[in-house]
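Novice: Have a look at this one before I ask anything.
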Amino acid sequence: MIHNGASTFFWYDNWIGGWAPKDISPDLFNICQTSWITIRQLYLNISNLESFFLEASPDDFISLIQSIPNCSSSEEDTNIWTLDRNHTFSVRSFYKFLVDGGLRTPLYPSFWKVECPSKVTLFCWLANDNKISTLSNLGKKGCNFQNATYTCVMCYKNSETVDHLLIHCDFASRIWAYYLNVLNSHSSPNSLDQVWLSWIPSLDASRRPLWDLLTRAILWNIRLERNRRVFNLTFLPISSVIFKISNMLIDWCSAARDSTQQISSDNLQSVKRSLDFMSVRSADLASSSIFPRLGVTLLTDLS
Ligand SMILES: [Zn+2]
């Protein structure tokens with residue numbers, strides 16, 4: 001934890017969310033004149049950062065300045081043990097880290113027992129841990145040098161983070177709103193790391209199994225559509241993506257080997273009815289002019 005910044009090296013220590021700035025901003029690191037510099041030294045020279053770099057764009061400087069914490073404290077920096085909730089070292093926490101390689105998840109134990117394709121569950125698990133390859137995550141690793149923008153390809157409004165792409169993006173939020181309406185649910189998740197930890201557990205017990213499966217289908221299909229736009233330079237209208245999600249959900253429920261998932265037939269029927277409705281409207285949906293209004297149109301008609 002940074003206090004006076006005197007014993008923390010700005011570039012090399014992992015002080016920004018477990019990351020070292022040299023890995024977050026490799027371009028800026030390559031042009032700095034002095035790499036072995038403490039956070040306190042930078043803090044005391046915050047009005048003269050240009051002296052530490054040969055050249056840098058204003059944007060780079062702004063993000064750099066914003067990342068420097070307040071170092072006015074006289075207290076020394078301290079190390080935090082992130083493998084334990086109490087932030088104190090314990091042999092037990094280190095042993096668990098060594099055993100599972102650090103690939104631990106706080107998701108509830110039955111996360112992997114839900115009957116849907118393992119590749120989908122793996123994707124959801126990685127997304128929950130912010131480990132999928134969004135443009136923002138690639139940028140932190142210096143891996144998106146060929147595409148130097150972080151802009152979301154689904155809405156072109158915000159940076160493509162995990163939460164934005166899968167929950168807050170206009171495209172994603174319309175899909176969430178559609179199913180919230182179909183299933184007569186009122187709350188929606190605010191962040192992906194809360195979906196399985198608090199949002200689904202907060203739902204009515206009869207709805208949880210269906211929402212668990214449906215959430216996986218939603219995330220998976222948003223990811224497929226995003227990749228379609230990035231790699232194939234083509235796109236599906238949101239109606240087609242909703243169509244795929246509903247069909248995927250129904251297929252998974254049909255293929256379930258037993259009733260352990262306890263999907264409420266009423267809830268599943270609601271999804272099927274919405275699918276029938278969309279089939280009837282398929283001629284309209286094929287028109288691109290209705291695409292931007294689809295979410296509102298369907299929500300209005302179904303209510
Ligand atoms: Zn977006």
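How things are named: the first chain in the structure tokens is A, the next is B, and so on; residues count from 1 in each chain; ligands count from 1 in the order shown.
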Tell me, as a ChimeraX atom specification, which residues lie within 12 Å of A:Gly142, counting only C-alpha atoms; anything in the same chain fewer than 5 positions away does not count.
Specialist: /A:21-30,133,135-137,147-150
Novice: Could you pull out all residues of stretch 135-297 of chain A with a DSSP call of alpha helix (DSSP H) and give them as a ChimeraX atom specification?
Specialist: /A:135-140,162-163,170-182,200-202,208-227,238-255,265-280,282-285,294-297
Novice: Any chance you can output those residues with C-alpha atoms as an mmCIF file, in the first residue's frame?
Specialist:
data_model
loop_
_atom_site.group_PDB
_atom_site.id
_atom_site.type_symbol
_atom_site.label_atom_id
_atom_site.label_comp_id
_atom_site.auth_asym_id
_atom_site.auth_seq_id
_atom_site.Cartn_x
_atom_site.Cartn_y
_atom_site.Cartn_z
ATOM 1 C CA LEU A 135 -9.246 -4.364 -25.878
ATOM 2 C CA SER A 136 -8.599 -2.791 -22.477
ATOM 3 C CA ASN A 137 -7.039 -5.963 -21.098
ATOM 4 C CA LEU A 138 -4.960 -6.421 -24.248
ATOM 5 C CA GLY A 139 -3.800 -2.821 -23.926
ATOM 6 C CA LYS A 140 -2.639 -3.409 -20.350
ATOM 7 C CA VAL A 162 -15.377 -6.629 -19.465
ATOM 8 C CA ASP A 163 -18.205 -4.870 -17.651
ATOM 9 C CA ASP A 170 -25.924 -0.340 -25.464
ATOM 10 C CA PHE A 171 -25.929 -3.659 -27.308
ATOM 11 C CA ALA A 172 -25.602 -5.747 -24.134
ATOM 12 C CA SER A 173 -28.018 -3.666 -22.078
ATOM 13 C CA ARG A 174 -30.738 -4.091 -24.712
ATOM 14 C CA ILE A 175 -30.328 -7.846 -24.542
ATOM 15 C CA TRP A 176 -30.420 -7.819 -20.733
ATOM 16 C CA ALA A 177 -33.488 -5.555 -20.800
ATOM 17 C CA TYR A 178 -35.228 -7.873 -23.226
ATOM 18 C CA TYR A 179 -34.859 -10.955 -21.024
ATOM 19 C CA LEU A 180 -35.565 -9.046 -17.825
ATOM 20 C CA ASN A 181 -38.860 -8.077 -19.401
ATOM 21 C CA VAL A 182 -39.641 -11.550 -20.775
ATOM 22 C CA ILE A 200 -28.301 -14.498 -9.169
ATOM 23 C CA PRO A 201 -28.411 -15.531 -5.459
ATOM 24 C CA SER A 202 -30.589 -12.459 -4.824
ATOM 25 C CA ARG A 208 -32.057 -18.806 -10.329
ATOM 26 C CA PRO A 209 -31.385 -21.962 -12.419
ATOM 27 C CA LEU A 210 -32.852 -20.425 -15.552
ATOM 28 C CA TRP A 211 -31.054 -17.091 -15.068
ATOM 29 C CA ASP A 212 -27.806 -18.938 -14.428
ATOM 30 C CA LEU A 213 -28.060 -20.713 -17.775
ATOM 31 C CA LEU A 214 -29.472 -17.684 -19.561
ATOM 32 C CA THR A 215 -26.650 -15.457 -18.313
ATOM 33 C CA ARG A 216 -24.106 -17.865 -19.765
ATOM 34 C CA ALA A 217 -25.932 -17.888 -23.100
ATOM 35 C CA ILE A 218 -26.108 -14.074 -23.124
ATOM 36 C CA LEU A 219 -22.418 -13.593 -22.355
ATOM 37 C CA TRP A 220 -21.342 -16.249 -24.830
ATOM 38 C CA ASN A 221 -23.391 -14.817 -27.699
ATOM 39 C CA ILE A 222 -22.287 -11.244 -27.019
ATOM 40 C CA ARG A 223 -18.743 -12.519 -27.170
ATOM 41 C CA LEU A 224 -19.410 -14.318 -30.473
ATOM 42 C CA GLU A 225 -21.011 -11.204 -31.958
ATOM 43 C CA ARG A 226 -18.131 -9.029 -30.776
ATOM 44 C CA ASN A 227 -15.613 -11.400 -32.387
ATOM 45 C CA ILE A 238 -29.556 -7.654 -32.190
ATOM 46 C CA SER A 239 -32.745 -9.590 -32.994
ATOM 47 C CA SER A 240 -30.686 -12.434 -34.448
ATOM 48 C CA VAL A 241 -28.438 -12.507 -31.405
ATOM 49 C CA ILE A 242 -31.487 -12.712 -29.117
ATOM 50 C CA PHE A 243 -32.823 -15.467 -31.333
ATOM 51 C CA LYS A 244 -29.585 -17.413 -30.929
ATOM 52 C CA ILE A 245 -29.558 -16.895 -27.159
ATOM 53 C CA SER A 246 -33.122 -18.170 -26.737
ATOM 54 C CA ASN A 247 -32.533 -21.192 -28.950
ATOM 55 C CA MET A 248 -29.289 -21.973 -27.162
ATOM 56 C CA LEU A 249 -31.027 -21.810 -23.802
ATOM 57 C CA ILE A 250 -33.838 -24.103 -24.952
ATOM 58 C CA ASP A 251 -31.331 -26.569 -26.418
ATOM 59 C CA TRP A 252 -29.357 -26.685 -23.180
ATOM 60 C CA CYS A 253 -32.517 -27.289 -21.152
ATOM 61 C CA SER A 254 -33.620 -30.031 -23.534
ATOM 62 C CA ALA A 255 -30.242 -31.730 -23.392
ATOM 63 C CA SER A 265 -41.287 -24.663 -16.937
ATOM 64 C CA ASP A 266 -43.222 -21.397 -16.660
ATOM 65 C CA ASN A 267 -40.077 -19.334 -17.072
ATOM 66 C CA LEU A 268 -38.866 -21.455 -19.963
ATOM 67 C CA GLN A 269 -42.278 -21.163 -21.621
ATOM 68 C CA SER A 270 -41.948 -17.392 -21.400
ATOM 69 C CA VAL A 271 -38.727 -17.554 -23.368
ATOM 70 C CA LYS A 272 -40.319 -19.897 -25.921
ATOM 71 C CA ARG A 273 -43.311 -17.611 -26.335
ATOM 72 C CA SER A 274 -41.024 -14.643 -26.917
ATOM 73 C CA LEU A 275 -39.245 -16.719 -29.539
ATOM 74 C CA ASP A 276 -42.552 -17.447 -31.259
ATOM 75 C CA PHE A 277 -43.337 -13.765 -31.192
ATOM 76 C CA MET A 278 -40.013 -12.927 -32.775
ATOM 77 C CA SER A 279 -40.562 -15.546 -35.490
ATOM 78 C CA VAL A 280 -43.825 -13.897 -36.406
ATOM 79 C CA SER A 282 -39.107 -12.009 -38.509
ATOM 80 C CA ALA A 283 -40.099 -10.175 -41.670
ATOM 81 C CA ASP A 284 -40.017 -6.902 -39.776
ATOM 82 C CA LEU A 285 -36.822 -7.806 -38.000
ATOM 83 C CA LEU A 294 -35.758 -3.412 -31.596
ATOM 84 C CA GLY A 295 -35.331 -3.488 -27.850
ATOM 85 C CA VAL A 296 -38.002 -0.881 -27.261
ATOM 86 C CA THR A 297 -40.331 -2.362 -29.845
#
Novice: Around ligand 1, which protein and nucleic acid residues have at least one atom no more than 10 Å from it, if we count only C-alpha atoms and all ligand atoms? List them as a list in words.
Specialist: Thr151, Cys152, Val153, Met154, Cys155, Tyr156, Lys157, Asn158, Ser159, Glu160, Thr161, Asp163, His164, Leu165, Leu166, Ile167, His168, Cys169, Asp170, Phe171, Ala172, Ser173 and Arg226 of chain A
Novice: Find the nearest atom pair between each residue of stretch 132-209 of chain A and stretch 120-128 of chain A for residues within 6 Å, count only C-alpha atoms, give distances in Å to one decimal, sort rows by chain and ascending number, and present the table as a Markdown table.
Specialist:
| residue | atom | partner | partner_atom | distance |
| --- | --- | --- | --- | --- |
| A:Ile132 | CA | A:Ala127 | CA | 5.4 |
| A:Leu192 | CA | A:Asn128 | CA | 5.6 |
| A:Asp193 | CA | A:Asn128 | CA | 4.8 |
Novice: Name all residues at most 10 Å from A:Asp77 (count only C-alpha atoms; drop same-chain ones fewer than 3 positions away) and give them as a PyMOL selection string.
Specialist: chain A and resi 1-8+71+73-74+80
Novice: Extract, using only C-alpha atoms, all DNA, RNA and protein residues at most 6 Å from stretch 93-96 of chain A, discarding same-chain residues fewer than 3 positions from it, and format them as a PyMOL selection string.
Specialist: chain A and resi 83-84+90+99
